[in-house]
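For reference, run.pdb (PDB, C-alpha atoms):
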```pdb
MODEL        1
ATOM      1  CA  ALA D  60     226.896 -29.408 169.243
ATOM      2  CA  GLY D  61     230.470 -30.685 169.352
ATOM      3  CA  ALA D  62     232.000 -28.287 166.833
ATOM      4  CA  ASP D  63     234.460 -25.526 167.739
ATOM      5  CA  PHE D  64     232.362 -22.890 165.960
ATOM      6  CA  ARG D  65     228.577 -23.257 165.889
ATOM      7  CA  VAL D  66     227.009 -20.587 163.672
ATOM      8  CA  VAL D  67     223.311 -19.825 163.177
ATOM      9  CA  THR D  68     221.350 -17.322 161.104
ATOM     10  CA  GLU D  69     217.965 -15.704 161.517
ATOM     11  CA  LYS D  70     216.529 -18.591 159.456
ATOM     12  CA  SER D  71     218.013 -21.454 161.456
ATOM     13  CA  LEU D  72     215.690 -24.129 162.839
ATOM     14  CA  PHE D  73     216.691 -27.214 164.803
ATOM     15  CA  ALA D  74     214.951 -30.347 166.040
ATOM     16  CA  MET D  75     215.625 -33.882 167.215
ATOM     17  CA  PRO D  76     212.489 -35.498 165.711
ATOM     18  CA  GLU D  77     213.590 -39.136 165.917
ATOM     19  CA  VAL D  78     210.526 -40.134 167.951
ATOM     20  CA  THR D  79     208.542 -39.750 164.722
ATOM     21  CA  ILE D  80     210.651 -42.342 162.874
ATOM     22  CA  GLY D  81     211.089 -44.950 165.586
ATOM     23  CA  LEU D  82     214.612 -43.950 166.582
ATOM     24  CA  TYR D  83     215.780 -41.713 169.474
ATOM     25  CA  PRO D  84     217.989 -38.582 169.649
ATOM     26  CA  ASP D  85     221.402 -40.044 168.833
ATOM     27  CA  VAL D  86     224.803 -38.717 167.634
ATOM     28  CA  GLY D  87     225.643 -37.661 171.179
ATOM     29  CA  ALA D  88     222.276 -36.020 171.833
ATOM     30  CA  SER D  89     221.811 -38.144 174.950
ATOM     31  CA  TRP D  90     224.732 -36.223 176.420
ATOM     32  CA  PHE D  91     223.718 -32.652 175.592
ATOM     33  CA  LEU D  92     219.942 -33.010 175.961
ATOM     34  CA  SER D  93     220.373 -34.347 179.490
ATOM     35  CA  ARG D  94     222.474 -31.296 180.392
ATOM     36  CA  MET D  95     220.070 -28.607 179.195
ATOM     37  CA  PRO D  96     218.343 -26.365 181.755
ATOM     38  CA  GLY D  97     215.282 -27.788 183.482
ATOM     39  CA  ARG D  98     213.395 -30.305 181.360
ATOM     40  CA  LEU D  99     214.024 -28.605 178.010
ATOM     41  CA  GLY D 100     216.203 -31.441 176.727
ATOM     42  CA  LEU D 101     213.611 -34.001 177.766
ATOM     43  CA  TRP D 102     210.955 -31.969 175.950
ATOM     44  CA  LEU D 103     212.976 -31.798 172.744
ATOM     45  CA  GLY D 104     213.655 -35.525 172.801
ATOM     46  CA  LEU D 105     210.137 -36.681 173.666
ATOM     47  CA  THR D 106     208.330 -34.348 171.281
ATOM     48  CA  GLY D 107     210.729 -33.525 168.450
ATOM     49  CA  ALA D 108     209.877 -29.849 168.989
ATOM     50  CA  ARG D 109     211.646 -27.201 166.942
ATOM     51  CA  PHE D 110     213.841 -24.426 168.287
ATOM     52  CA  ASN D 111     215.613 -21.565 166.537
ATOM     53  CA  GLY D 112     218.969 -19.830 166.503
ATOM     54  CA  SER D 113     218.156 -17.598 169.458
ATOM     55  CA  ASP D 114     217.253 -20.647 171.525
ATOM     56  CA  ALA D 115     220.439 -22.427 170.414
ATOM     57  CA  ILE D 116     222.679 -19.551 171.502
ATOM     58  CA  CYS D 117     220.986 -19.233 174.887
ATOM     59  CA  LEU D 118     221.188 -23.006 175.425
ATOM     60  CA  GLY D 119     224.886 -23.151 174.578
ATOM     61  CA  LEU D 120     224.350 -25.132 171.359
ATOM     62  CA  ALA D 121     225.514 -22.268 169.147
ATOM     63  CA  ASP D 122     228.218 -19.625 169.516
ATOM     64  CA  HIS D 123     227.622 -16.974 166.882
ATOM     65  CA  ALA D 124     224.951 -15.614 164.589
ATOM     66  CA  ILE D 125     225.482 -14.239 161.102
ATOM     67  CA  ALA D 126     222.986 -12.829 158.646
ATOM     68  CA  SER D 127     221.877 -15.442 156.125
ATOM     69  CA  SER D 128     222.923 -13.003 153.405
ATOM     70  CA  GLU D 129     226.520 -13.276 154.699
ATOM     71  CA  ARG D 130     226.767 -17.043 154.298
ATOM     72  CA  ALA D 131     228.008 -17.015 150.726
ATOM     73  CA  GLU D 132     230.819 -14.615 151.613
ATOM     74  CA  LEU D 133     231.924 -16.289 154.814
ATOM     75  CA  LEU D 134     234.324 -18.767 153.182
ATOM     76  CA  HIS D 135     235.922 -15.964 151.179
ATOM     77  CA  ARG D 136     236.396 -13.875 154.327
ATOM     78  CA  LEU D 137     237.934 -16.835 156.125
ATOM     79  CA  ALA D 138     240.312 -17.397 153.201
ATOM     80  CA  GLU D 139     241.396 -13.741 153.343
ATOM     81  CA  LEU D 140     242.552 -13.994 156.961
ATOM     82  CA  ASP D 141     246.309 -13.679 157.409
ATOM     83  CA  TRP D 142     247.163 -17.132 158.722
ATOM     84  CA  SER D 143     250.889 -16.287 158.853
ATOM     85  CA  ALA D 144     250.459 -13.309 161.173
ATOM     86  CA  GLY D 145     251.312 -15.340 164.266
ATOM     87  CA  CYS D 146     247.859 -15.042 165.773
ATOM     88  CA  GLU D 147     246.233 -18.248 166.979
ATOM     89  CA  PRO D 148     243.968 -19.402 164.097
ATOM     90  CA  ARG D 149     240.930 -20.107 166.255
ATOM     91  CA  GLU D 150     241.188 -16.632 167.740
ATOM     92  CA  GLN D 151     241.173 -15.103 164.255
ATOM     93  CA  ILE D 152     238.079 -17.096 163.310
ATOM     94  CA  ASP D 153     236.378 -16.118 166.542
ATOM     95  CA  GLN D 154     237.114 -12.437 165.974
ATOM     96  CA  LEU D 155     235.664 -12.601 162.470
ATOM     97  CA  LEU D 156     232.516 -14.365 163.667
ATOM     98  CA  ARG D 157     232.082 -12.004 166.618
ATOM     99  CA  GLY D 158     232.196  -9.080 164.226
ATOM    100  CA  LEU D 159     229.526 -10.631 162.040
ATOM    101  CA  HIS D 160     227.475 -11.488 165.124
ATOM    102  CA  LYS D 161     227.203  -7.830 166.139
ATOM    103  CA  GLY D 162     225.487  -7.002 162.865
ATOM    104  CA  ALA D 163     223.232 -10.071 162.887
ATOM    105  CA  ALA D 164     222.039 -10.099 166.494
ATOM    106  CA  ALA D 165     219.223  -7.622 165.846
ATOM    107  CA  GLN D 166     217.892  -9.806 163.022
ATOM    108  CA  LEU D 167     217.486 -12.909 165.154
ATOM    109  CA  PRO D 168     213.872 -13.864 165.875
ATOM    110  CA  ALA D 169     212.545 -14.246 169.383
ATOM    111  CA  PRO D 170     213.224 -17.660 170.935
ATOM    112  CA  ILE D 171     210.630 -20.367 170.304
ATOM    113  CA  LEU D 172     211.433 -22.682 173.190
ATOM    114  CA  LEU D 173     212.803 -20.649 176.090
ATOM    115  CA  PRO D 174     209.678 -18.547 176.841
ATOM    116  CA  HIS D 175     207.809 -21.780 177.579
ATOM    117  CA  GLN D 176     210.362 -23.322 179.945
ATOM    118  CA  PRO D 177     208.297 -22.863 183.137
ATOM    119  CA  LYS D 178     205.321 -24.634 181.586
ATOM    120  CA  ILE D 179     207.511 -27.350 180.047
ATOM    121  CA  ASP D 180     209.254 -27.978 183.379
ATOM    122  CA  ASP D 181     205.867 -28.301 185.078
ATOM    123  CA  LEU D 182     204.440 -30.642 182.434
ATOM    124  CA  LEU D 183     207.450 -32.953 182.516
ATOM    125  CA  ALA D 184     207.955 -32.978 186.280
ATOM    126  CA  GLY D 185     208.155 -36.445 187.782
ATOM    127  CA  ARG D 186     210.328 -39.533 187.603
ATOM    128  CA  THR D 187     208.085 -41.987 185.732
ATOM    129  CA  LEU D 188     207.486 -41.888 181.991
ATOM    130  CA  ALA D 189     203.885 -43.004 182.396
ATOM    131  CA  GLY D 190     203.121 -40.155 184.777
ATOM    132  CA  VAL D 191     204.793 -37.538 182.597
ATOM    133  CA  LEU D 192     203.030 -38.710 179.440
ATOM    134  CA  ALA D 193     199.644 -38.769 181.187
ATOM    135  CA  ARG D 194     200.102 -35.153 182.280
ATOM    136  CA  LEU D 195     201.414 -34.051 178.876
ATOM    137  CA  PHE D 196     198.645 -35.740 176.880
ATOM    138  CA  ALA D 197     195.950 -34.307 179.159
ATOM    139  CA  ALA D 198     197.268 -30.739 178.852
ATOM    140  CA  ARG D 199     195.279 -28.075 177.013
ATOM    141  CA  PHE D 200     197.135 -25.339 175.169
ATOM    142  CA  ASP D 201     195.893 -21.897 174.202
ATOM    143  CA  GLU D 202     197.076 -21.356 170.640
ATOM    144  CA  THR D 203     195.879 -17.741 170.717
ATOM    145  CA  ALA D 204     198.280 -17.141 173.631
ATOM    146  CA  GLY D 205     201.338 -18.335 171.737
ATOM    147  CA  GLU D 206     201.126 -22.006 172.699
ATOM    148  CA  LYS D 207     200.636 -23.434 169.199
ATOM    149  CA  ALA D 208     204.176 -24.846 169.199
ATOM    150  CA  LEU D 209     203.443 -26.662 172.473
ATOM    151  CA  ALA D 210     200.293 -28.210 171.009
ATOM    152  CA  GLN D 211     202.205 -29.369 167.940
ATOM    153  CA  ALA D 212     204.922 -30.887 170.104
ATOM    154  CA  GLN D 213     202.312 -32.655 172.223
ATOM    155  CA  GLU D 214     200.821 -34.276 169.121
ATOM    156  CA  SER D 215     204.225 -35.362 167.793
ATOM    157  CA  CYS D 216     204.912 -37.069 171.093
ATOM    158  CA  ARG D 217     201.473 -38.685 171.198
ATOM    159  CA  THR D 218     201.819 -40.146 167.685
ATOM    160  CA  GLY D 219     205.488 -41.099 168.057
ATOM    161  CA  SER D 220     206.935 -44.524 168.720
ATOM    162  CA  PRO D 221     206.319 -45.807 172.276
ATOM    163  CA  ILE D 222     209.639 -47.650 172.116
ATOM    164  CA  SER D 223     211.422 -44.438 171.132
ATOM    165  CA  ARG D 224     209.840 -42.557 174.018
ATOM    166  CA  ALA D 225     210.954 -45.246 176.456
ATOM    167  CA  ILE D 226     214.538 -45.233 175.146
ATOM    168  CA  LEU D 227     214.714 -41.442 175.304
ATOM    169  CA  TRP D 228     213.416 -41.440 178.880
ATOM    170  CA  ARG D 229     216.045 -43.869 180.067
ATOM    171  CA  GLN D 230     218.803 -42.127 178.121
ATOM    172  CA  TYR D 231     217.882 -38.736 179.552
ATOM    173  CA  TRP D 232     218.449 -39.893 183.125
ATOM    174  CA  LEU D 233     221.295 -42.316 182.441
ATOM    175  CA  ALA D 234     223.440 -39.963 180.331
ATOM    176  CA  ARG D 235     223.564 -37.385 183.116
ATOM    177  CA  ARG D 236     226.003 -39.672 184.919
ATOM    178  CA  GLN D 237     227.939 -40.859 181.876
ATOM    179  CA  SER D 238     230.991 -39.647 180.019
ATOM    180  CA  LEU D 239     230.652 -38.736 176.361
ATOM    181  CA  ALA D 240     232.508 -41.940 175.431
ATOM    182  CA  GLU D 241     230.011 -44.017 177.424
ATOM    183  CA  VAL D 242     227.118 -42.196 175.776
ATOM    184  CA  PHE D 243     228.454 -42.938 172.289
ATOM    185  CA  ALA D 244     228.907 -46.617 173.154
ATOM    186  CA  ASP D 245     225.331 -46.922 174.418
ATOM    187  CA  GLU D 246     223.966 -45.023 171.436
ATOM    188  CA  LEU D 247     225.692 -47.350 168.989
ATOM    189  CA  THR D 248     224.103 -50.359 170.697
ATOM    190  CA  LEU D 249     220.705 -48.675 170.812
ATOM    191  CA  SER D 250     220.843 -47.673 167.147
ATOM    192  CA  VAL D 251     221.727 -51.191 166.000
ATOM    193  CA  ASN D 252     218.886 -52.660 168.053
ATOM    194  CA  CYS D 253     216.391 -50.034 166.879
ATOM    195  CA  VAL D 254     217.034 -51.346 163.370
ATOM    196  CA  LEU D 255     217.037 -55.041 164.304
ATOM    197  CA  LYS D 256     214.001 -55.143 166.588
ATOM    198  CA  GLY D 257     212.698 -51.632 167.159
ATOM    199  CA  ASP D 258     210.440 -49.321 165.158
ATOM    200  CA  PHE D 259     213.061 -47.634 162.984
ATOM    201  CA  VAL D 260     212.404 -49.651 159.801
ATOM    202  CA  GLU D 261     208.662 -49.045 160.072
ATOM    203  CA  GLY D 262     209.157 -45.357 160.855
ATOM    204  CA  VAL D 263     211.345 -44.806 157.804
ATOM    205  CA  ARG D 264     208.862 -46.701 155.639
ATOM    206  CA  ALA D 265     205.935 -44.555 156.756
ATOM    207  CA  LEU D 266     207.689 -41.191 156.578
ATOM    208  CA  LEU D 267     210.264 -41.502 153.801
ATOM    209  CA  ILE D 268     209.455 -44.474 151.540
ATOM    210  CA  ASP D 269     205.699 -45.022 151.241
ATOM    211  CA  LYS D 270     205.075 -41.581 152.764
ATOM    212  CA  ASP D 271     201.669 -42.621 154.080
ATOM    213  CA  ARG D 272     202.517 -41.120 157.491
ATOM    214  CA  ASP D 273     200.735 -44.043 159.117
ATOM    215  CA  PRO D 274     203.384 -45.998 161.025
ATOM    216  CA  HIS D 275     202.313 -49.201 162.736
ATOM    217  CA  TRP D 276     204.304 -48.984 165.940
ATOM    218  CA  GLN D 277     204.948 -51.957 168.172
ATOM    219  CA  ASP D 278     203.168 -51.922 171.494
ATOM    220  CA  GLN D 279     205.465 -51.129 174.388
ATOM    221  CA  PRO D 280     205.429 -54.081 176.801
ATOM    222  CA  ALA D 281     203.801 -53.194 180.099
ATOM    223  CA  GLU D 282     206.425 -54.952 182.176
ATOM    224  CA  GLY D 283     209.593 -57.012 182.041
ATOM    225  CA  ASP D 284     213.136 -56.145 181.064
ATOM    226  CA  TRP D 285     212.419 -55.650 177.358
ATOM    227  CA  LEU D 286     214.218 -52.293 177.327
ATOM    228  CA  ASP D 287     217.350 -53.867 178.768
ATOM    229  CA  GLU D 288     217.597 -55.907 175.563
ATOM    230  CA  PHE D 289     218.069 -52.693 173.559
ATOM    231  CA  TYR D 290     221.219 -52.010 175.614
ATOM    232  CA  ARG D 291     222.807 -55.388 174.794
ATOM    233  CA  TRP D 292     225.127 -55.655 171.807
ATOM    234  CA  PRO D 293     223.652 -58.328 169.501
ATOM    235  CA  HIS D 294     226.772 -60.406 168.886
ATOM    236  CA  GLY D 295     230.404 -60.120 169.884
ATOM    237  CA  HIS D 296     231.688 -56.881 171.363
ATOM    238  CA  ASN D 297     230.557 -53.292 170.854
ATOM    239  CA  PRO D 298     233.584 -51.611 169.175
ATOM    240  CA  LEU D 299     233.000 -48.413 171.183
ATOM    241  CA  ALA D 300     232.637 -50.057 174.571
ATOM    242  CA  ARG D 301     235.570 -50.238 176.945
ATOM    243  CA  LYS D 302     236.935 -53.721 177.394
ATOM    244  CA  GLY D 303     237.185 -54.772 180.979
TER
ENDMDL
END
```
For this file, write the structure as structure tokens.
Amino acid sequence: AGADFRVVTEKSLFAMPEVTIGLYPDVGASWFLSRMPGRLGLWLGLTGARFNGSDAICLGLADHAIASSERAELLHRLAELDWSAGCEPREQIDQLLRGLHKGAAAQLPAPILLPHQPKIDDLLAGRTLAGVLARLFAARFDETAGEKALAQAQESCRTGSPISRAILWRQYWLARRQSLAEVFADELTLSVNCVLKGDFVEGVRALLIDKDRDPHWQDQPAEGDWLDEFYRWPHGHNPLARKG
């Protein structure tokens, strides 16, 4: 999301599925998910839903499309550009990618996520996590009407870590008012604490080590400031936080 040139193909698929491993969308995702249209970013973070290259371009997370068959040749074509011609290098790269995009655009599949935005916005309306989850978990989806992806996302959210859902919820609203530097500082603290006292170790065990896909998540406390503890650096000073 932060690169100068974000390139997709007709085969590209994306997701932020950290809720399934006891983490949360990190690496700056708090910043860009909170700035997506409507509640699409909240949906992606809470459910780990997939989206494709067409979605990414429309959402501003990708710039160009190329045919997957062109990938092997792309580095050679970049190397053949005349870097001594006096033209700004990024403009040359952009021109090359725009040319490839024209031939690849027709091969891109239909968006997965964007057609469902009205329903997603309605499902995730509200300002309390409990209320949003109750509405989402009670929803019924018609898989014959193209809502299979929504049903799959609903189940991923339902079986994900309650702690991860709570962190994502707070991050979604908090990051809207933060700079990117502030987001990175908070995410570093959150990631350390997810390892020390969250569900991340258990999530990795269940999905990647034992592969039993049966994580034993911690219960989310019903009250108290337990989530505030995830925003406190364990010892000393967060190296990304501003000193003041």
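With CA of Pro280 in chain D on one side and CA of Ile222 in chain D on the other, the separation reads 9.0 Å.
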Next item on the list: Name every residue that the PyMOL selection byres ((chain D and resi 110) around 9) selects in this structure, writing the answer as JSON, numbers by chain with chains first and numbers rising.
Entry: {"D": [71, 72, 73, 74, 103, 108, 109, 111, 112, 113, 114, 115, 170, 171, 172, 173]}
Checklist line | All residues 10 Å or closer to Pro298 in chain D, only C-alpha atoms, same chain fewer than 2 positions away omitted, as an MDAnalysis selection string | finding: chainID D and resid 244 247:248 292 295:296 300:302
Going by the chain IDs and residue numbers used in this file, which residues fall under the PyMOL selection byres ((chain D and resi 197) around 12)? Write them as an mmCIF file with C-alpha atoms, keeping the file's coordinate frame.
```
data_model
loop_
_atom_site.group_PDB
_atom_site.id
_atom_site.type_symbol
_atom_site.label_atom_id
_atom_site.label_comp_id
_atom_site.auth_asym_id
_atom_site.auth_seq_id
_atom_site.Cartn_x
_atom_site.Cartn_y
_atom_site.Cartn_z
ATOM 1 C CA LEU D 182 204.440 -30.642 182.434
ATOM 2 C CA GLY D 190 203.121 -40.155 184.777
ATOM 3 C CA VAL D 191 204.793 -37.538 182.597
ATOM 4 C CA LEU D 192 203.030 -38.710 179.440
ATOM 5 C CA ALA D 193 199.644 -38.769 181.187
ATOM 6 C CA ARG D 194 200.102 -35.153 182.280
ATOM 7 C CA LEU D 195 201.414 -34.051 178.876
ATOM 8 C CA PHE D 196 198.645 -35.740 176.880
ATOM 9 C CA ALA D 198 197.268 -30.739 178.852
ATOM 10 C CA ARG D 199 195.279 -28.075 177.013
ATOM 11 C CA PHE D 200 197.135 -25.339 175.169
ATOM 12 C CA ALA D 210 200.293 -28.210 171.009
ATOM 13 C CA GLN D 213 202.312 -32.655 172.223
ATOM 14 C CA GLU D 214 200.821 -34.276 169.121
ATOM 15 C CA ARG D 217 201.473 -38.685 171.198
#
```
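Take the candidates D:His275, D:Lys270, D:Arg136, D:Arg291 and check each one against Ser250 in chain D using all atoms listed in the file; the shortest distance goes to D:Arg291.
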Note to self: Rounded to one decimal, what separation in Å do you get between CA of Arg235 in chain D and CA of Arg94 in chain D?
What the structure shows: 6.8 Å
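Comparing the minimum interatomic distances between Ala62 in chain D and each of D:Asp181, D:Ala121, D:Leu92, D:Leu101, counting only C-alpha atoms, we find that D:Ala121 sits nearest.
The space separating CA of His123 in chain D from CA of Val78 in chain D comes to 28.8 Å.
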Check: What does the PyMOL selection byres ((chain D and resi 220) around 7) select in this file, as a ChimeraX atom specification?
Finding: /D:78-79,81,218-219,221-224,258,276
Using 3 Å of padding on each side, determine the axis-aligned box around all atoms of range 203-218 of chain D present in the file and give its centre and edge lengths in Å to one decimal, as JSON.
```
{"center_x": 200.4, "center_y": -28.6, "center_z": 170.7, "size_x": 15.0, "size_y": 29.0, "size_z": 11.9}
```
Checklist line | Exercise: Pro174 in chain D partners within 12 Å, all atoms listed in the file, chain neighbours under 5 positions left out, as JSON, numbers by chain | finding: {"D": [99, 110, 113, 114, 117, 169, 179, 180, 204, 205, 206, 208, 209]}
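Comparing D:Asp269, D:Val260, D:Ser215, D:Gln176 by their smallest distance to Thr106 in chain D, the closest is D:Ser215 (using all atoms listed in the file).
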Next item on the list: Would you mind telling me which residue in D:Asn252, D:Gln154, D:Ser238, D:Ser143 lies nearest to Phe91 in chain D when using all atoms listed in the file?
Entry: D:Ser238
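The residue set within 10 Å of Phe289 in chain D, counting all atoms listed in the file and dropping same-chain residues fewer than 2 places from it, reads Ile222, Ile226, Asp245, Glu246, Thr248, Leu249, Ser250, Val251, Asn252, Cys253, Leu255, Lys256, Gly257, Asp284, Trp285, Leu286, Asp287, Arg291, Trp292 and Pro293 of chain D.
Remark: for Val242 in chain D, the closest of the candidate residues D:Ala88, D:Ala225, D:Ala184, D:Ala281 is D:Ala88 (distances computed over all atoms listed in the file).
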Could range 204-218 of chain D be completed with N, CA and C atoms and written as a short mmCIF file (atom, residue, chain, number, x, y, z; two decimals), keeping the file's coordinate frame, please?
```cif
data_model
loop_
_atom_site.label_atom_id
_atom_site.label_comp_id
_atom_site.auth_asym_id
_atom_site.auth_seq_id
_atom_site.Cartn_x
_atom_site.Cartn_y
_atom_site.Cartn_z
N ALA D 204 197.35 -17.73 172.67
CA ALA D 204 198.28 -17.14 173.63
C ALA D 204 199.72 -17.57 173.35
N GLY D 205 199.98 -17.99 172.13
CA GLY D 205 201.34 -18.34 171.74
C GLY D 205 201.76 -19.75 172.07
N GLU D 206 200.79 -20.64 172.32
CA GLU D 206 201.13 -22.01 172.70
C GLU D 206 200.90 -23.01 171.57
N LYS D 207 200.83 -22.53 170.34
CA LYS D 207 200.64 -23.43 169.20
C LYS D 207 201.78 -24.43 169.08
N ALA D 208 203.02 -23.96 169.30
CA ALA D 208 204.18 -24.85 169.20
C ALA D 208 204.11 -25.96 170.25
N LEU D 209 203.58 -25.64 171.44
CA LEU D 209 203.44 -26.66 172.47
C LEU D 209 202.41 -27.71 172.07
N ALA D 210 201.32 -27.27 171.46
CA ALA D 210 200.29 -28.21 171.01
C ALA D 210 200.83 -29.12 169.92
N GLN D 211 201.62 -28.56 169.01
CA GLN D 211 202.20 -29.37 167.94
C GLN D 211 203.18 -30.39 168.50
N ALA D 212 203.97 -29.97 169.48
CA ALA D 212 204.92 -30.89 170.10
C ALA D 212 204.19 -32.00 170.85
N GLN D 213 203.12 -31.65 171.52
CA GLN D 213 202.31 -32.66 172.22
C GLN D 213 201.82 -33.73 171.26
N GLU D 214 201.34 -33.32 170.09
CA GLU D 214 200.82 -34.28 169.12
C GLU D 214 201.93 -35.15 168.54
N SER D 215 203.10 -34.57 168.29
CA SER D 215 204.22 -35.36 167.79
C SER D 215 204.62 -36.44 168.79
N CYS D 216 204.60 -36.09 170.06
CA CYS D 216 204.91 -37.07 171.09
C CYS D 216 203.84 -38.15 171.15
N ARG D 217 202.59 -37.74 171.09
CA ARG D 217 201.47 -38.68 171.20
C ARG D 217 201.50 -39.71 170.07
N THR D 218 201.85 -39.27 168.86
CA THR D 218 201.82 -40.15 167.68
C THR D 218 203.17 -40.80 167.41
#
```
